[in-house]
Amino acid sequence: MICVPRGALFDETVDCLERVGLDVAPLRDLGRRLVVDAADDVRYITTRPSDVATFVEAGAADIGIAGTDVLREAQPDVYELLDLKFGACRMIYATVAGEDPTPSVLEHLGAVRVATKYPNAARAYFARTGRVCEVVKVNGSVELAPLVGLAHGIIDLTATGRTLIENGLVERDEVYQSSARLIANRVSHQVKATIIDPLVARFAEAVS
């Protein structure tokens, strides 16, 4: 059972599975189906990217493909087996263009208010840099927050930086780099080692 992320990572995930030698025909003709069976006896579960790690951790899938951002934020109890080297993007700290307001805010308020979909990433980043942040959790357009005074800055993923520029924001620091990772359920990795280990080797060869 393989858990596949829908959305931005889907096409590259399917291409990667095909390079590994798996039958991806059902995924190419997925439609609205969430679970499909391939001719090589592989069953695919498709779900939103943020839920892949949950399905793998719970054992609903033996392996899955999830972004670094998902793994760092959710911190699931799974094995991270391989960097698949696609879906590259960066988690960044950004503020409005012009002079960086962060030093002044810290001096006067003692903490930076940060809007983000990734509260754990935000807290870890500011703690690592010896600063204090107040997290404002948002689920929509994070870039809006500094523009209307909801936050002093944002922690968010960016691939090209275009959305930042279009909204008058600039990157101040890189938090970490993210890419698609192959993960496995801990029990499955042991019990089904004779199946999973050769498959991991094929993944490694495909992305080398």
# chains A, B, ... in the order shown; residues from 1 in each chain; ligands from 1
call {"tool": "closest_atom_pairs", "arguments": {"of": "segment 62-149 of chain A", "to": "segment 46-54 of chain A", "cutoff": "9 Å", "atoms": "only C-alpha atoms", "output": "Markdown table"}}
result
| residue | atom | partner | partner_atom | distance |
| --- | --- | --- | --- | --- |
| A:Gly64 | CA | A:Val52 | CA | 6.4 |
| A:Ile65 | CA | A:Val52 | CA | 7.0 |
| A:Ala66 | CA | A:Val52 | CA | 6.2 |
| A:Gly67 | CA | A:Pro49 | CA | 7.6 |
| A:Asp69 | CA | A:Ser50 | CA | 8.8 |
| A:Val70 | CA | A:Ser50 | CA | 5.7 |
| A:Leu71 | CA | A:Ala53 | CA | 7.1 |
| A:Ala74 | CA | A:Ala53 | CA | 7.9 |
| A:Gln75 | CA | A:Ala53 | CA | 8.7 |
| A:Pro76 | CA | A:Ala53 | CA | 6.3 |
| A:Asp77 | CA | A:Ala53 | CA | 8.6 |
| A:Val78 | CA | A:Ala53 | CA | 7.6 |
call {"tool": "residues_around", "arguments": {"residues": "Ala151 of chain A", "least_positions_apart": "3", "cutoff": "10 Å", "atoms": "only C-alpha atoms", "output": "PyMOL selection string"}}
result
chain A and resi 95+112-116+134-136+142-148+154
call {"tool": "write_last_selection", "arguments": {"atoms": "C-alpha atoms", "output": "JSON list (two decimals), in the first residue's frame"}}
result
[["chain", "number", "residue", "atom", "x", "y", "z"],
["A", 95, "THR", "CA", 8.46, 40.77, 5.83],
["A", 112, "VAL", "CA", 7.80, 39.23, 16.53],
["A", 113, "ARG", "CA", 4.24, 38.40, 15.48],
["A", 114, "VAL", "CA", 4.45, 35.84, 12.68],
["A", 115, "ALA", "CA", 1.63, 34.57, 10.47],
["A", 116, "THR", "CA", 2.07, 31.03, 9.20],
["A", 134, "GLU", "CA", 4.13, 35.12, 18.66],
["A", 135, "VAL", "CA", 2.49, 32.79, 16.14],
["A", 136, "VAL", "CA", -0.72, 33.69, 14.33],
["A", 142, "VAL", "CA", -0.38, 34.10, 4.51],
["A", 143, "GLU", "CA", 1.08, 36.99, 2.49],
["A", 144, "LEU", "CA", -1.90, 39.16, 3.42],
["A", 145, "ALA", "CA", -1.05, 39.25, 7.14],
["A", 146, "PRO", "CA", 1.85, 41.77, 7.09],
["A", 147, "LEU", "CA", 0.04, 43.97, 4.58],
["A", 148, "VAL", "CA", -2.92, 44.60, 6.90],
["A", 154, "ILE", "CA", 5.47, 35.36, 7.72]]
call {"tool": "closest_residue", "arguments": {"among": "A:Ile155, A:Leu109, A:Ala206, A:Ala60", "to": "Phe86 of chain A", "atoms": "only C-alpha atoms"}}
result
A:Ala206
call {"tool": "closest_atom_pairs", "arguments": {"of": "segment 53-103 of chain A", "to": "segment 158-182 of chain A", "cutoff": "8 Å", "atoms": "only C-alpha atoms", "output": "JSON lines"}}
result
{"residue": "A:Ile63", "atom": "CA", "partner": "A:Leu182", "partner_atom": "CA", "distance": 7.1}
{"residue": "A:Gly64", "atom": "CA", "partner": "A:Leu182", "partner_atom": "CA", "distance": 5.9}
{"residue": "A:Ile65", "atom": "CA", "partner": "A:Leu182", "partner_atom": "CA", "distance": 4.8}
{"residue": "A:Ala66", "atom": "CA", "partner": "A:Arg181", "partner_atom": "CA", "distance": 5.4}
{"residue": "A:Gly67", "atom": "CA", "partner": "A:Ala180", "partner_atom": "CA", "distance": 4.3}
{"residue": "A:Thr68", "atom": "CA", "partner": "A:Ser178", "partner_atom": "CA", "distance": 4.8}
{"residue": "A:Asp69", "atom": "CA", "partner": "A:Ser178", "partner_atom": "CA", "distance": 6.0}
{"residue": "A:Glu80", "atom": "CA", "partner": "A:Leu182", "partner_atom": "CA", "distance": 6.1}
{"residue": "A:Leu81", "atom": "CA", "partner": "A:Leu182", "partner_atom": "CA", "distance": 5.4}
{"residue": "A:Leu82", "atom": "CA", "partner": "A:Leu182", "partner_atom": "CA", "distance": 5.1}
{"residue": "A:Asp83", "atom": "CA", "partner": "A:Arg181", "partner_atom": "CA", "distance": 4.7}
{"residue": "A:Leu84", "atom": "CA", "partner": "A:Arg181", "partner_atom": "CA", "distance": 5.4}
{"residue": "A:Lys85", "atom": "CA", "partner": "A:Ser179", "partner_atom": "CA", "distance": 6.1}
{"residue": "A:Phe86", "atom": "CA", "partner": "A:Ala180", "partner_atom": "CA", "distance": 5.7}
{"residue": "A:Gly87", "atom": "CA", "partner": "A:Ser179", "partner_atom": "CA", "distance": 5.0}
{"residue": "A:Ala88", "atom": "CA", "partner": "A:Ser179", "partner_atom": "CA", "distance": 4.5}
{"residue": "A:Cys89", "atom": "CA", "partner": "A:Ala159", "partner_atom": "CA", "distance": 4.5}
{"residue": "A:Arg90", "atom": "CA", "partner": "A:Gln177", "partner_atom": "CA", "distance": 4.4}
{"residue": "A:Met91", "atom": "CA", "partner": "A:Val175", "partner_atom": "CA", "distance": 5.2}
{"residue": "A:Ile92", "atom": "CA", "partner": "A:Glu174", "partner_atom": "CA", "distance": 4.4}
{"residue": "A:Tyr93", "atom": "CA", "partner": "A:Asp173", "partner_atom": "CA", "distance": 5.2}
{"residue": "A:Ala94", "atom": "CA", "partner": "A:Glu171", "partner_atom": "CA", "distance": 4.3}
{"residue": "A:Thr95", "atom": "CA", "partner": "A:Leu169", "partner_atom": "CA", "distance": 5.4}
{"residue": "A:Val96", "atom": "CA", "partner": "A:Leu169", "partner_atom": "CA", "distance": 4.3}
{"residue": "A:Ala97", "atom": "CA", "partner": "A:Leu169", "partner_atom": "CA", "distance": 5.0}
{"residue": "A:Asp100", "atom": "CA", "partner": "A:Arg172", "partner_atom": "CA", "distance": 7.7}
call {"tool": "write_last_selection", "arguments": {"atoms": "C-alpha atoms", "output": "PDB file, in the first residue's frame"}}
result
ATOM      1  CA  ILE A  63       5.063   3.665   2.459  1.00  0.00           C
ATOM      2  CA  GLY A  64       4.277   7.143   1.191  1.00  0.00           C
ATOM      3  CA  ILE A  65       5.686  10.305  -0.278  1.00  0.00           C
ATOM      4  CA  ALA A  66       5.586  13.498   1.776  1.00  0.00           C
ATOM      5  CA  GLY A  67       7.323  16.859   1.739  1.00  0.00           C
ATOM      6  CA  THR A  68       9.925  17.849   4.300  1.00  0.00           C
ATOM      7  CA  ASP A  69       7.542  20.607   5.393  1.00  0.00           C
ATOM      8  CA  GLU A  80      12.308   8.749   6.509  1.00  0.00           C
ATOM      9  CA  LEU A  81      14.022   6.572   3.937  1.00  0.00           C
ATOM     10  CA  LEU A  82      15.074   8.691   1.003  1.00  0.00           C
ATOM     11  CA  ASP A  83      15.216  12.183  -0.485  1.00  0.00           C
ATOM     12  CA  LEU A  84      13.427  11.810  -3.814  1.00  0.00           C
ATOM     13  CA  LYS A  85      14.892  15.070  -5.146  1.00  0.00           C
ATOM     14  CA  PHE A  86      11.734  16.617  -6.550  1.00  0.00           C
ATOM     15  CA  GLY A  87       9.203  19.117  -5.254  1.00  0.00           C
ATOM     16  CA  ALA A  88      12.017  21.417  -4.181  1.00  0.00           C
ATOM     17  CA  CYS A  89      11.011  24.552  -2.301  1.00  0.00           C
ATOM     18  CA  ARG A  90      12.162  26.538   0.719  1.00  0.00           C
ATOM     19  CA  MET A  91      10.629  27.539   4.018  1.00  0.00           C
ATOM     20  CA  ILE A  92      11.435  31.222   4.478  1.00  0.00           C
ATOM     21  CA  TYR A  93      10.921  34.169   6.804  1.00  0.00           C
ATOM     22  CA  ALA A  94       9.659  37.258   4.974  1.00  0.00           C
ATOM     23  CA  THR A  95       8.464  40.767   5.829  1.00  0.00           C
ATOM     24  CA  VAL A  96       7.286  43.816   3.905  1.00  0.00           C
ATOM     25  CA  ALA A  97       9.845  45.294   1.520  1.00  0.00           C
ATOM     26  CA  ASP A 100      13.622  44.879   7.952  1.00  0.00           C
TER      27      ASP A 100
END
call {"tool": "select_by_dssp", "arguments": {"residues": "segment 6-198 of chain A", "states": "strand (DSSP E)", "output": "ChimeraX atom specification"}}
result
/A:35-37,43-47,63-67,79-83,89-96,112-116,133-137,153-158,169-178,180-184
call {"tool": "atom_distance", "arguments": {"atom1": "atom CA of Val24 of chain A", "atom2": "atom CA of Ala39 of chain A"}}
result
9.0 Å
call {"tool": "residues_around", "arguments": {"residues": "Ala121 of chain A", "least_positions_apart": "3", "cutoff": "8 Å", "atoms": "only C-alpha atoms", "output": "list in words"}}
result
Arg72, Glu73, Tyr118, Ala124, Tyr125, Ile155 and Val175 of chain A
call {"tool": "write_last_selection", "arguments": {"atoms": "C-alpha atoms", "output": "JSON list (two decimals), in the first residue's frame"}}
result
[["chain", "number", "residue", "atom", "x", "y", "z"],
["A", 72, "ARG", "CA", 8.88, 18.70, 10.19],
["A", 73, "GLU", "CA", 5.53, 20.19, 11.08],
["A", 118, "TYR", "CA", 3.55, 26.12, 10.02],
["A", 124, "ALA", "CA", 11.72, 26.35, 16.05],
["A", 125, "TYR", "CA", 13.28, 28.91, 13.72],
["A", 155, "ILE", "CA", 6.97, 31.90, 7.71],
["A", 175, "VAL", "CA", 14.41, 28.47, 7.51]]
call {"tool": "residues_around", "arguments": {"residues": "Ala38 of chain A", "least_positions_apart": "4", "cutoff": "10 Å", "atoms": "only C-alpha atoms", "output": "PyMOL selection string"}}
result
chain A and resi 22-27+42-44
call {"tool": "write_last_selection", "arguments": {"atoms": "C-alpha atoms", "output": "short mmCIF file (atom, residue, chain, number, x, y, z; two decimals), in the first residue's frame"}}
result
data_model
loop_
_atom_site.label_atom_id
_atom_site.label_comp_id
_atom_site.auth_asym_id
_atom_site.auth_seq_id
_atom_site.Cartn_x
_atom_site.Cartn_y
_atom_site.Cartn_z
CA LEU A 22 5.59 0.40 -10.81
CA ASP A 23 2.32 0.30 -12.71
CA VAL A 24 0.95 3.85 -12.51
CA ALA A 25 -1.79 3.53 -15.14
CA PRO A 26 -4.58 3.76 -12.49
CA LEU A 27 -3.00 6.96 -11.13
CA VAL A 42 0.09 -2.43 -5.62
CA ARG A 43 -2.75 -0.47 -4.02
CA TYR A 44 -2.49 3.32 -4.05
#
call {"tool": "select_by_dssp", "arguments": {"residues": "segment 35-137 of chain A", "states": "alpha helix (DSSP H)", "output": "ChimeraX atom specification"}}
result
/A:52-58,68-74,102-109,119-128
